[in-house]
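J.: Compact mmCIF, C-alpha atoms and all ligand atoms, file target_25.txt:
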# COMPACT_ATOMS: atom_id res chain seq x y z
CA MET A 43 0.00 0.00 0.00
CA GLY A 44 1.17 3.53 -0.77
CA ARG A 45 1.74 6.21 1.76
CA TYR A 46 1.89 10.00 2.02
CA ASP A 47 4.39 11.61 4.37
CA LEU A 48 3.11 14.85 5.90
CA ALA A 49 4.82 17.93 7.34
CA LEU A 50 2.44 19.75 9.69
CA ILE A 51 3.11 23.50 9.93
CA GLY A 52 1.37 24.85 13.03
CA PHE A 53 0.30 22.42 15.74
CA GLY A 54 -2.78 24.14 17.18
CA GLY A 55 -6.37 22.93 17.29
CA VAL A 56 -6.77 21.90 13.65
CA ASN A 57 -3.46 20.14 12.97
CA ARG A 58 -3.62 18.39 16.34
CA ALA A 59 -7.08 17.12 15.39
CA LEU A 60 -5.63 15.84 12.10
CA ALA A 61 -2.81 14.13 14.01
CA GLU A 62 -5.40 12.55 16.32
CA LEU A 63 -7.37 11.30 13.34
CA ILE A 64 -4.23 9.72 11.84
CA SER A 65 -3.17 8.28 15.19
CA GLN A 66 -6.56 6.84 16.13
CA SER A 67 -8.11 5.97 12.76
CA GLY A 68 -5.12 5.68 10.41
CA ASP A 69 -5.51 1.92 9.85
CA ARG A 70 -9.22 2.17 9.12
CA LEU A 71 -8.66 5.10 6.77
CA ALA A 72 -5.82 3.28 4.98
CA GLY A 73 -8.09 0.27 4.40
CA GLU A 74 -10.82 2.50 3.05
CA LEU A 75 -8.74 4.98 1.05
CA GLY A 76 -5.96 2.71 -0.20
CA PHE A 77 -3.09 4.79 1.19
CA ALA A 78 -1.52 5.36 4.59
CA LEU A 79 -0.64 8.67 6.24
CA ARG A 80 2.50 9.30 8.27
CA VAL A 81 3.69 12.52 9.93
CA VAL A 82 7.42 13.11 9.40
CA ALA A 83 7.72 16.72 10.60
CA ILE A 84 5.86 19.17 12.83
CA THR A 85 6.65 22.84 13.42
CA ASP A 86 4.95 25.23 15.80
CA LEU A 87 5.80 28.71 17.02
CA ARG A 88 5.44 27.65 20.66
CA ALA A 89 6.51 23.97 20.59
CA GLY A 90 9.43 24.25 18.11
CA SER A 91 10.14 21.66 15.44
CA LEU A 92 10.30 17.88 15.37
CA VAL A 93 11.53 15.73 12.48
CA ASP A 94 11.64 11.96 12.11
CA THR A 95 11.72 10.71 8.55
CA ASP A 96 10.77 7.23 9.81
CA GLY A 97 7.53 8.68 11.17
CA ILE A 98 6.85 10.62 14.37
CA ASP A 99 5.22 8.75 17.24
CA LEU A 100 2.19 11.00 17.73
CA THR A 101 0.86 9.37 20.91
CA PRO A 102 3.05 11.16 23.48
CA LEU A 103 2.63 14.49 21.68
CA LEU A 104 -1.14 14.21 21.76
CA ALA A 105 -1.09 13.21 25.43
CA ALA A 106 0.64 16.50 26.37
CA GLU A 107 -1.38 19.61 27.23
CA PRO A 108 -1.26 21.85 24.11
CA GLY A 109 0.19 24.81 26.02
CA GLU A 110 2.92 22.69 27.59
CA LEU A 111 4.18 20.87 24.51
CA SER A 112 7.84 21.43 23.66
CA PHE A 113 9.91 19.57 21.06
CA ALA A 114 13.21 20.78 22.53
CA GLY A 115 15.15 17.85 23.97
CA LEU A 116 13.36 15.19 21.89
CA ALA A 117 15.37 13.25 19.29
CA GLY A 118 15.03 15.30 16.07
CA GLY A 119 13.51 18.14 18.09
CA SER A 120 14.37 21.81 18.49
CA ALA A 121 12.92 24.80 20.34
CA ASP A 122 13.09 26.73 17.06
CA PRO A 123 10.24 26.14 14.54
CA ARG A 124 12.73 26.17 11.61
CA ASN A 125 9.77 26.48 9.21
CA GLU A 126 11.68 27.23 6.03
CA TRP A 127 14.23 24.47 6.55
CA VAL A 128 11.54 21.91 7.42
CA ILE A 129 9.30 22.88 4.51
CA ARG A 130 12.07 22.96 1.93
CA GLU A 131 14.38 20.18 3.12
CA VAL A 132 12.45 17.46 4.94
CA PRO A 133 11.33 14.83 2.40
CA ALA A 134 7.56 15.14 2.90
CA ASP A 135 5.01 14.61 0.14
CA ILE A 136 2.41 17.06 1.48
CA VAL A 137 2.85 20.21 3.57
CA VAL A 138 -0.22 20.86 5.75
CA GLU A 139 -0.35 24.57 6.62
CA ALA A 140 -2.52 25.44 9.66
CA THR A 141 -0.89 28.40 11.36
CA PHE A 142 -2.97 31.48 12.23
CA THR A 143 -4.77 33.44 9.49
CA ASN A 144 -3.31 36.90 8.97
CA PRO A 145 -5.94 38.99 7.13
CA SER A 146 -3.49 41.83 6.35
CA ASP A 147 -0.82 40.17 4.23
CA GLY A 148 -1.33 36.43 4.76
CA GLU A 149 2.12 36.00 6.36
CA PRO A 150 3.83 33.87 7.50
CA ALA A 151 1.49 31.30 5.96
CA LEU A 152 1.87 32.75 2.48
CA SER A 153 5.62 32.13 2.60
CA HIS A 154 5.07 28.64 4.02
CA VAL A 155 2.82 27.73 1.09
CA ARG A 156 5.18 29.30 -1.46
CA TRP A 157 8.24 27.49 -0.07
CA ALA A 158 6.40 24.18 -0.20
CA LEU A 159 5.18 24.60 -3.77
CA GLU A 160 8.62 25.83 -4.89
CA SER A 161 10.05 22.63 -3.38
CA GLY A 162 7.67 20.50 -5.44
CA LYS A 163 5.49 19.51 -2.48
CA HIS A 164 1.72 19.37 -2.49
CA VAL A 165 0.02 21.78 -0.08
CA CYS A 166 -3.24 21.63 1.76
CA THR A 167 -4.27 24.46 4.03
CA THR A 168 -7.16 25.76 6.10
CA ASN A 169 -5.50 29.18 6.24
CA LYS A 170 -7.60 31.82 4.52
CA GLY A 171 -4.82 34.41 4.16
CA PRO A 172 -2.74 32.87 1.35
CA VAL A 173 -5.82 31.68 -0.55
CA ALA A 174 -7.71 34.98 -0.44
CA LEU A 175 -4.72 37.27 -0.97
CA ALA A 176 -2.59 35.26 -3.39
CA GLY A 177 -4.71 32.30 -4.54
CA ARG A 178 -4.19 32.88 -8.27
CA ALA A 179 -0.41 33.17 -8.04
CA LEU A 180 -0.17 30.12 -5.77
CA LYS A 181 -2.34 28.02 -8.08
CA ARG A 182 -0.14 29.07 -11.00
CA LEU A 183 3.00 28.12 -9.05
CA ALA A 184 1.47 24.74 -8.14
CA ALA A 185 0.61 24.09 -11.79
CA GLU A 186 4.15 25.02 -12.89
CA ARG A 187 5.61 22.56 -10.38
CA GLY A 188 3.08 19.80 -11.17
CA VAL A 189 1.74 19.68 -7.62
CA SER A 190 -1.61 20.43 -5.96
CA PHE A 191 -2.66 23.40 -3.87
CA GLU A 192 -5.83 22.44 -1.95
CA PHE A 193 -7.78 24.66 0.45
CA GLU A 194 -11.28 23.25 0.99
CA GLY A 195 -11.20 24.12 4.71
CA SER A 196 -10.62 27.80 4.05
CA VAL A 197 -14.36 28.26 3.49
CA LEU A 198 -17.01 26.49 5.62
CA SER A 199 -14.50 24.30 7.44
CA GLY A 200 -15.12 20.62 6.61
CA THR A 201 -18.29 21.26 4.63
CA PRO A 202 -17.17 20.72 1.01
CA ILE A 203 -18.55 23.95 -0.41
CA LEU A 204 -15.77 24.69 -2.91
CA ARG A 205 -15.69 21.17 -4.39
CA THR A 206 -19.49 21.04 -4.45
CA ALA A 207 -19.56 24.23 -6.52
CA GLU A 208 -16.68 23.12 -8.74
CA ARG A 209 -17.81 19.56 -9.38
CA MET A 210 -21.59 19.53 -8.98
CA PHE A 211 -22.71 22.79 -10.58
CA GLY A 212 -21.45 22.13 -14.11
CA GLY A 213 -23.70 23.78 -16.71
CA LEU A 214 -25.21 26.17 -14.19
CA GLU A 215 -24.53 29.86 -14.30
CA ILE A 216 -23.95 31.13 -10.78
CA THR A 217 -24.94 34.78 -10.62
CA GLY A 218 -24.28 35.40 -6.94
CA VAL A 219 -23.89 34.03 -3.44
CA GLN A 220 -25.30 35.00 -0.08
CA SER A 221 -23.78 33.32 2.93
CA ILE A 222 -23.10 32.89 6.61
CA MET A 223 -19.42 31.99 6.72
CA ASN A 224 -18.21 32.68 10.23
CA GLY A 225 -19.05 30.12 12.89
CA THR A 226 -17.88 32.29 15.77
CA SER A 227 -20.02 35.34 15.01
CA ASN A 228 -23.04 33.16 14.23
CA TYR A 229 -22.55 31.29 17.50
CA ILE A 230 -22.18 34.60 19.38
CA LEU A 231 -25.33 36.12 17.85
CA GLY A 232 -27.26 33.03 18.99
CA ARG A 233 -25.86 33.34 22.52
CA LEU A 234 -26.76 37.05 22.67
CA GLU A 235 -30.32 36.07 21.69
CA VAL A 236 -30.60 33.96 24.86
CA GLY A 237 -29.09 36.65 27.12
CA ILE A 238 -25.39 35.67 27.31
CA GLU A 239 -22.95 38.62 27.49
CA LEU A 240 -20.70 39.28 24.48
CA SER A 241 -17.43 38.65 26.38
CA ALA A 242 -18.75 35.33 27.75
CA ALA A 243 -19.96 34.27 24.31
CA ILE A 244 -16.53 35.03 22.79
CA ALA A 245 -14.85 32.98 25.54
CA GLU A 246 -17.18 30.05 24.78
CA ALA A 247 -16.36 30.23 21.06
CA GLN A 248 -12.64 30.23 21.88
CA GLU A 249 -12.99 27.24 24.20
CA LEU A 250 -14.94 25.35 21.52
CA GLY A 251 -12.16 25.97 18.98
CA TYR A 252 -14.22 28.15 16.61
CA ALA A 253 -12.56 31.54 17.11
CA GLU A 254 -9.48 32.91 15.37
CA ALA A 255 -6.29 33.44 17.41
CA ASP A 256 -7.44 37.09 17.52
CA PRO A 257 -11.27 36.93 17.67
CA THR A 258 -11.49 40.52 16.38
CA ALA A 259 -11.17 38.90 12.96
CA ASP A 260 -14.43 37.03 13.61
CA ILE A 261 -16.35 39.88 15.24
CA GLU A 262 -15.32 42.64 12.84
CA GLY A 263 -15.89 40.64 9.65
CA HIS A 264 -12.27 40.29 8.49
CA ASP A 265 -12.64 36.51 8.40
CA VAL A 266 -15.79 36.67 6.27
CA GLN A 267 -14.17 39.27 4.02
CA LEU A 268 -11.41 36.76 3.17
CA LYS A 269 -13.94 33.96 2.68
CA VAL A 270 -16.11 36.08 0.37
CA MET A 271 -13.01 36.83 -1.68
CA ILE A 272 -12.18 33.12 -1.92
CA LEU A 273 -15.75 32.15 -2.85
CA ALA A 274 -16.15 34.97 -5.39
CA ASN A 275 -12.76 34.25 -6.95
CA GLU A 276 -13.35 30.50 -7.12
CA VAL A 277 -17.03 30.39 -8.02
CA LEU A 278 -17.80 33.68 -9.79
CA GLY A 279 -14.47 34.02 -11.62
CA ALA A 280 -13.66 37.27 -9.81
CA ASP A 281 -10.23 38.61 -8.88
CA LEU A 282 -11.12 40.58 -5.76
CA ARG A 283 -8.70 42.33 -3.46
CA ARG A 284 -9.46 43.10 0.15
CA GLU A 285 -10.20 46.75 -0.52
CA ASP A 286 -12.85 45.73 -3.07
CA VAL A 287 -15.01 44.09 -0.37
CA PHE A 288 -17.00 46.39 1.94
CA ARG A 289 -16.76 45.11 5.52
CA GLU A 290 -18.81 45.71 8.65
CA GLY A 291 -18.81 43.33 11.62
CA ILE A 292 -21.25 42.60 14.44
CA SER A 293 -19.61 44.62 17.22
CA ALA A 294 -22.08 47.52 16.94
CA ILE A 295 -25.13 45.28 17.41
CA THR A 296 -26.30 45.36 21.03
CA PRO A 297 -27.73 42.33 22.87
CA HIS A 298 -30.95 44.37 23.21
CA GLU A 299 -31.18 44.77 19.41
CA VAL A 300 -30.61 41.04 18.91
CA ARG A 301 -33.36 40.10 21.38
CA ASP A 302 -35.74 42.80 20.12
CA ALA A 303 -35.31 41.53 16.54
CA ALA A 304 -35.94 37.95 17.69
CA SER A 305 -39.20 39.03 19.35
CA LYS A 306 -40.31 40.38 15.93
CA GLY A 307 -39.37 37.17 14.09
CA LEU A 308 -36.09 38.58 12.73
CA ARG A 309 -32.60 37.14 13.23
CA TRP A 310 -29.39 39.13 12.98
CA LYS A 311 -26.79 37.38 10.83
CA LEU A 312 -23.37 38.41 9.56
CA VAL A 313 -23.92 38.00 5.83
CA GLY A 314 -21.23 37.83 3.16
CA SER A 315 -22.48 38.30 -0.37
CA ALA A 316 -21.17 38.61 -3.90
CA THR A 317 -23.03 39.39 -7.12
CA ARG A 318 -21.84 39.05 -10.69
CA HIS A 319 -23.12 41.66 -13.12
CA GLU A 320 -23.77 41.26 -16.85
CA ASP A 321 -20.46 42.94 -17.72
CA GLY A 322 -18.66 40.27 -15.65
CA SER A 323 -17.76 42.57 -12.75
CA VAL A 324 -18.36 41.29 -9.22
CA ASP A 325 -19.51 43.30 -6.18
CA ALA A 326 -18.93 41.82 -2.73
CA ARG A 327 -19.68 42.92 0.81
CA VAL A 328 -19.87 41.76 4.42
CA ALA A 329 -22.46 43.28 6.74
CA PRO A 330 -24.92 42.29 9.46
CA LEU A 331 -28.54 41.92 8.33
CA ALA A 332 -31.75 41.26 10.28
CA LEU A 333 -33.25 38.45 8.20
CA PRO A 334 -36.94 37.48 8.14
CA ALA A 335 -37.75 33.94 9.29
CA ASP A 336 -38.46 32.70 5.75
CA HIS A 337 -34.99 33.69 4.45
CA PRO A 338 -32.85 30.60 3.59
CA LEU A 339 -30.11 31.79 5.98
CA ALA A 340 -32.33 32.80 8.93
CA GLY A 341 -32.48 29.32 10.50
CA ILE A 342 -28.71 28.70 10.39
CA SER A 343 -27.61 28.56 14.03
CA GLY A 344 -24.47 28.18 16.12
CA PRO A 345 -21.23 27.26 14.31
CA VAL A 346 -23.21 25.99 11.33
CA ASN A 347 -22.62 28.01 8.16
CA ALA A 348 -24.45 28.14 4.83
CA VAL A 349 -24.04 29.44 1.31
CA ALA A 350 -27.04 30.22 -0.90
CA PHE A 351 -25.97 30.03 -4.56
CA HIS A 352 -28.16 31.97 -6.97
CA THR A 353 -28.23 30.09 -10.28
CA ASP A 354 -29.95 30.44 -13.65
CA LEU A 355 -31.46 26.95 -13.96
CA LEU A 356 -32.08 25.93 -10.35
CA GLY A 357 -32.86 29.23 -8.70
CA THR A 358 -31.36 29.31 -5.21
CA VAL A 359 -29.43 26.25 -3.97
CA THR A 360 -28.40 26.43 -0.31
CA VAL A 361 -25.65 24.24 1.12
CA CYS A 362 -25.14 24.19 4.87
CA GLY A 363 -22.91 22.38 7.36
CA PRO A 364 -20.24 22.93 10.00
CA GLY A 365 -18.38 26.22 9.51
CA ALA A 366 -15.87 25.90 12.34
CA GLY A 367 -14.47 23.37 14.79
CA ARG A 368 -11.16 21.57 15.18
CA VAL A 369 -12.26 18.09 14.09
CA GLU A 370 -14.54 19.40 11.35
CA THR A 371 -11.69 21.46 9.91
CA ALA A 372 -9.23 18.57 10.19
CA TYR A 373 -11.68 16.64 8.02
CA ALA A 374 -11.27 19.36 5.37
CA LEU A 375 -7.54 18.59 5.35
CA LEU A 376 -8.23 14.89 4.97
CA SER A 377 -10.55 15.66 2.05
CA ASP A 378 -7.74 17.72 0.48
CA ILE A 379 -5.32 14.81 0.85
CA ILE A 380 -7.88 12.51 -0.80
CA ALA A 381 -8.20 15.04 -3.65
CA ILE A 382 -4.41 15.07 -4.05
CA HIS A 383 -4.39 11.28 -4.17
CA GLN A 384 -7.18 11.17 -6.75
CA ARG A 385 -5.40 13.69 -8.94
CA HIS A 386 -1.86 12.35 -8.69
CA ALA A 387 -2.10 8.61 -8.02
CA ASP A 388 -1.31 7.93 -11.70
CA ASP A 389 1.56 10.45 -11.93
CA GLU A 390 4.94 8.92 -12.71
CA THR A 391 6.35 10.59 -9.61
CA ALA A 392 3.34 10.17 -7.32
CA PRO A 393 4.27 9.11 -3.80
CA VAL A 394 1.83 6.24 -3.84
CA ARG A 395 3.31 4.86 -7.06
CA ARG A 396 6.83 5.45 -5.75
CA VAL A 397 6.20 3.55 -2.53
CA LEU A 398 4.54 0.70 -4.38
CA GLN A 399 7.59 0.40 -6.62
CA GLU A 400 9.99 0.63 -3.71
CA THR A 401 8.27 -2.25 -2.00
CA HIS A 402 8.23 -4.26 -5.28
CA ARG A 403 4.49 -4.74 -5.21
CA VAL A 404 4.13 -3.44 -8.77
N1 LIG B 501 -10.57 26.33 14.09
C1 LIG B 501 -11.44 26.39 13.10
O1 LIG B 501 -12.64 26.13 13.25
C2 LIG B 501 -10.98 26.76 11.73
C3 LIG B 501 -9.73 27.26 11.52
N2 LIG B 501 -9.33 27.61 10.26
C4 LIG B 501 -7.99 28.14 10.05
O2 LIG B 501 -7.07 27.10 10.30
C5 LIG B 501 -5.85 27.62 10.85
C6 LIG B 501 -5.54 26.91 12.16
O3 LIG B 501 -6.61 27.09 13.04
P1 LIG B 501 -6.50 26.57 14.54
O4 LIG B 501 -5.74 25.33 14.60
O5 LIG B 501 -7.87 26.63 15.09
O6 LIG B 501 -5.63 27.74 15.17
P2 LIG B 501 -4.75 27.69 16.50
O7 LIG B 501 -4.54 29.10 16.90
O8 LIG B 501 -5.30 26.72 17.46
O9 LIG B 501 -3.36 27.08 15.98
C7 LIG B 501 -2.46 27.79 15.20
C8 LIG B 501 -1.08 27.26 15.58
O10 LIG B 501 -0.14 27.86 14.71
C9 LIG B 501 1.03 28.12 15.46
N3 LIG B 501 1.80 29.15 14.78
C10 LIG B 501 1.54 30.48 14.71
N4 LIG B 501 2.49 31.09 13.97
C11 LIG B 501 3.36 30.13 13.59
C12 LIG B 501 4.57 30.12 12.84
N5 LIG B 501 5.07 31.24 12.32
N6 LIG B 501 5.20 28.94 12.66
C13 LIG B 501 4.72 27.79 13.19
N7 LIG B 501 3.58 27.75 13.92
C14 LIG B 501 2.91 28.90 14.10
C15 LIG B 501 0.53 28.54 16.83
O11 LIG B 501 1.53 28.37 17.82
C16 LIG B 501 -0.67 27.62 17.02
O12 LIG B 501 -0.31 26.44 17.70
C17 LIG B 501 -6.09 29.13 11.03
O13 LIG B 501 -5.52 29.79 9.91
C18 LIG B 501 -7.60 29.27 11.01
O14 LIG B 501 -8.03 30.50 10.50
C19 LIG B 501 -10.13 27.44 9.17
C20 LIG B 501 -11.39 26.92 9.31
C21 LIG B 501 -11.94 26.60 10.60
N1 LIG B 502 -12.93 31.56 13.15
C1 LIG B 502 -13.53 30.95 12.00
C2 LIG B 502 -12.97 29.57 11.82
C3 LIG B 502 -13.18 29.06 10.47
O1 LIG B 502 -12.76 29.63 9.48
C4 LIG B 502 -15.03 30.86 12.20
O2 LIG B 502 -15.48 31.08 13.32
O3 LIG B 502 -15.73 30.60 11.23
Any chance you could put this one into structure tokens?
T.:
Amino acid sequence: MGRYDLALIGFGGVNRALAELISQSGDRLAGELGFALRVVAITDLRAGSLVDTDGIDLTPLLAAEPGELSFAGLAGGSADPRNEWVIREVPADIVVEATFTNPSDGEPALSHVRWALESGKHVCTTNKGPVALAGRALKRLAAERGVSFEFEGSVLSGTPILRTAERMFGGLEITGVQSIMNGTSNYILGRLEVGIELSAAIAEAQELGYAEADPTADIEGHDVQLKVMILANEVLGADLRREDVFREGISAITPHEVRDAASKGLRWKLVGSATRHEDGSVDARVAPLALPADHPLAGISGPVNAVAFHTDLLGTVTVCGPGAGRVETAYALLSDIIAIHQRHADDETAPVRRVLQETHRV
């Protein structure tokens, strides 16, 4: 059986959840998917870096409290993350980027992704920064190097919204999208409705693993701004920059307004939308809206997200599912790895083929 060796960049909630999945369910997944997964490198700003090209034993790492994990002193370990060296030099097949999202310039994740693609490694990421701010250039670089750049988890976490649009909407003209794409703000609005204070609701969203490292990005709409850019660029053929997308968050909405709206059958939602005009131009914006109960997005609660696609032949098609969560987002990474396998399993240089040949099974 073939195998993919992974380098995990960032070892916070999402990449830990992926490591847990591999550690606990790797054999079952290998039987089902036809390839095994092995982690050969991990880097993290706080923990440092750890490399073992024979495969890292994940069990003791996952047993440690996240805040207390340090790779210094372990064989192949260092207190320094050594991101560039690990990404460029360690012989991994796939670099899995899950450091924090930087809405301003996408760094350092943008460099991580670029280094990996330049080194001829496939990349999967849940990080919205590189995809929203440099998606076109990175896809071009990946194509030049004959590798894949996958980012399903950058929009709607594990819910396969980008692949659904790409693979299932053939022949449809999509004229616009209206969406709820931030689990944290949607969760918080629901908590305000039942009388929880804003600061307590934010703390809950952090504890549950939904919030960004800096939750301002969730509350003030930066996160949705990036996701609208990704969706519009991928689905509507746009080439939006951040300054093209009007942004207003939920911080100005008071708990009283939320409860008052609910008593009138309205629900405040942070809505990201994009519309394509006849001349091909695309307008996009992020703003809170008080939606009537019969709106397709009004009933979307908690960390669940949804995208309503406006199409010519089907009218409105709404897809909903988890929009945040560690395990849910780790699933997005697994789905990216499966996509890489499906695309490259027949390549001359594909890792699966290479391993099969090495072990003389073909
Ligand atoms: N948690 C969620 O529900 C979702 C998260 N995402 C995105 O996935 C990414 C990871 O999310 P989480 O794991 O929840 O975040 P997290 O904050 O739990 O983990 C990020 C990790 O990256 C590490 N890190 C930061 N800078 C680094 C650097 N320069 N080099 C190496 N490591 C570095 C941090 O020490 C931390 O352990 C973020 O970009 C986030 O926006 C996307 C969809 C959903
Ligand atoms: N903080 C984000 C995580 C996923 O992108 C959210 O709450 O949606």
J.: Can you pull out the residues contacting region 362-369 of chain A? Cut-off 8 Å, using only C-alpha atoms, and skip same-chain residues under 5 positions away; I want them as a CSV table (one decimal) with C-alpha atoms, in the frame of the given file.
T.:
chain,number,residue,atom,x,y,z
A,55,GLY,CA,-6.4,22.9,17.3
A,56,VAL,CA,-6.8,21.9,13.6
A,59,ALA,CA,-7.1,17.1,15.4
A,60,LEU,CA,-5.6,15.8,12.1
A,197,VAL,CA,-14.4,28.3,3.5
A,198,LEU,CA,-17.0,26.5,5.6
A,199,SER,CA,-14.5,24.3,7.4
A,200,GLY,CA,-15.1,20.6,6.6
A,201,THR,CA,-18.3,21.3,4.6
A,223,MET,CA,-19.4,32.0,6.7
A,224,ASN,CA,-18.2,32.7,10.2
A,225,GLY,CA,-19.0,30.1,12.9
A,226,THR,CA,-17.9,32.3,15.8
A,250,LEU,CA,-14.9,25.4,21.5
A,251,GLY,CA,-12.2,26.0,19.0
A,252,TYR,CA,-14.2,28.2,16.6
A,342,ILE,CA,-28.7,28.7,10.4
A,345,PRO,CA,-21.2,27.3,14.3
A,346,VAL,CA,-23.2,26.0,11.3
A,347,ASN,CA,-22.6,28.0,8.2
A,348,ALA,CA,-24.4,28.1,4.8
A,349,VAL,CA,-24.0,29.4,1.3
J.: Dig up all the protein and nucleic acid residues within 8 Å of (-17.0, 40.3, 16.6) in the file frame, using only C-alpha atoms, and format them as number ranges by chain.
T.: A: 227, 257-263, 291-293
J.: Kindly save the residues from that selection, with C-alpha atoms included, as a PDB file, in the frame of the given file.
T.:
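Below you can see part23.pdb, which holds the result:
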ATOM      1  CA  SER A 227     -20.020  35.340  15.010  1.00  0.00           C
ATOM      2  CA  PRO A 257     -11.270  36.930  17.670  1.00  0.00           C
ATOM      3  CA  THR A 258     -11.490  40.520  16.380  1.00  0.00           C
ATOM      4  CA  ALA A 259     -11.170  38.900  12.960  1.00  0.00           C
ATOM      5  CA  ASP A 260     -14.430  37.030  13.610  1.00  0.00           C
ATOM      6  CA  ILE A 261     -16.350  39.880  15.240  1.00  0.00           C
ATOM      7  CA  GLU A 262     -15.320  42.640  12.840  1.00  0.00           C
ATOM      8  CA  GLY A 263     -15.890  40.640   9.650  1.00  0.00           C
ATOM      9  CA  GLY A 291     -18.810  43.330  11.620  1.00  0.00           C
ATOM     10  CA  ILE A 292     -21.250  42.600  14.440  1.00  0.00           C
ATOM     11  CA  SER A 293     -19.610  44.620  17.220  1.00  0.00           C
TER      12      SER A 293
END
J.: Looking at all atoms listed in the file, which of A:Leu63, A:Ala114, A:Leu240, A:Leu282 is the one that sits closest to Gly177 (chain A)?
T.: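 Among the listed residues, the smallest separation from Gly177 (chain A) belongs to A:Leu282.
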J.: Could you tell me how far CA of Asp147 (chain A) sits from CA of Leu376 (chain A), in Å to one decimal place?
T.: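 Distance between the two atoms: 26.4 Å.
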J.: Please provide the set of residues having any atom within 12 Å of Ile238 (chain A), restricted to all atoms listed in the file, with same-chain residues fewer than 6 positions apart removed, written as a VMD selection string.
T.: chain A and resid 229 to 232 244 to 246 296 to 298 300 to 301
J.: Pick out the residues no farther than 6 Å from ligand LIG 501 (chain B), counting all atoms listed in the file, and list them as a ChimeraX atom specification.
T.: /A:51-57,85-88,123,140-143,150,168-169,195-196,199,251-252,254-255,366-368,371
J.: Would you write out those residues with C-alpha atoms, as a PDB file, in the frame of the given file?
T.:
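Final file, part.pdb:
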ATOM      1  CA  ILE A  51       3.110  23.500   9.930  1.00  0.00           C
ATOM      2  CA  GLY A  52       1.370  24.850  13.030  1.00  0.00           C
ATOM      3  CA  PHE A  53       0.300  22.420  15.740  1.00  0.00           C
ATOM      4  CA  GLY A  54      -2.780  24.140  17.180  1.00  0.00           C
ATOM      5  CA  GLY A  55      -6.370  22.930  17.290  1.00  0.00           C
ATOM      6  CA  VAL A  56      -6.770  21.900  13.650  1.00  0.00           C
ATOM      7  CA  ASN A  57      -3.460  20.140  12.970  1.00  0.00           C
ATOM      8  CA  THR A  85       6.650  22.840  13.420  1.00  0.00           C
ATOM      9  CA  ASP A  86       4.950  25.230  15.800  1.00  0.00           C
ATOM     10  CA  LEU A  87       5.800  28.710  17.020  1.00  0.00           C
ATOM     11  CA  ARG A  88       5.440  27.650  20.660  1.00  0.00           C
ATOM     12  CA  PRO A 123      10.240  26.140  14.540  1.00  0.00           C
ATOM     13  CA  ALA A 140      -2.520  25.440   9.660  1.00  0.00           C
ATOM     14  CA  THR A 141      -0.890  28.400  11.360  1.00  0.00           C
ATOM     15  CA  PHE A 142      -2.970  31.480  12.230  1.00  0.00           C
ATOM     16  CA  THR A 143      -4.770  33.440   9.490  1.00  0.00           C
ATOM     17  CA  PRO A 150       3.830  33.870   7.500  1.00  0.00           C
ATOM     18  CA  THR A 168      -7.160  25.760   6.100  1.00  0.00           C
ATOM     19  CA  ASN A 169      -5.500  29.180   6.240  1.00  0.00           C
ATOM     20  CA  GLY A 195     -11.200  24.120   4.710  1.00  0.00           C
ATOM     21  CA  SER A 196     -10.620  27.800   4.050  1.00  0.00           C
ATOM     22  CA  SER A 199     -14.500  24.300   7.440  1.00  0.00           C
ATOM     23  CA  GLY A 251     -12.160  25.970  18.980  1.00  0.00           C
ATOM     24  CA  TYR A 252     -14.220  28.150  16.610  1.00  0.00           C
ATOM     25  CA  GLU A 254      -9.480  32.910  15.370  1.00  0.00           C
ATOM     26  CA  ALA A 255      -6.290  33.440  17.410  1.00  0.00           C
ATOM     27  CA  ALA A 366     -15.870  25.900  12.340  1.00  0.00           C
ATOM     28  CA  GLY A 367     -14.470  23.370  14.790  1.00  0.00           C
ATOM     29  CA  ARG A 368     -11.160  21.570  15.180  1.00  0.00           C
ATOM     30  CA  THR A 371     -11.690  21.460   9.910  1.00  0.00           C
TER      31      THR A 371
END
J.: Choose the residue, out of A:Arg124, A:Arg58, A:Lys311, A:Arg283, that has the smallest atom-to-atom separation from Ala326 (chain A); count only C-alpha atoms.
T.: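 Ranking A:Arg124, A:Arg58, A:Lys311, A:Arg283 by distance to Ala326 (chain A), first place goes to A:Arg283.
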J.: Could you pull the residues within 7 Å of region 350-354 of chain A, counting all atoms listed in the file, minus those fewer than 3 positions along the same chain, as a PyMOL selection string?
T.: chain A and resi 214-221+357-361
J.: Let me have the centre and edge lengths in Å, one decimal, of the box along x, y and z around every listed atom of ligand LIG 502 (chain B) with 6 Å of margin on each side, as lines of an AutoDock Vina configuration file.
T.:
center_x = -14.2
center_y = 30.3
center_z = 11.4
size_x = 15.0
size_y = 14.5
size_z = 15.8
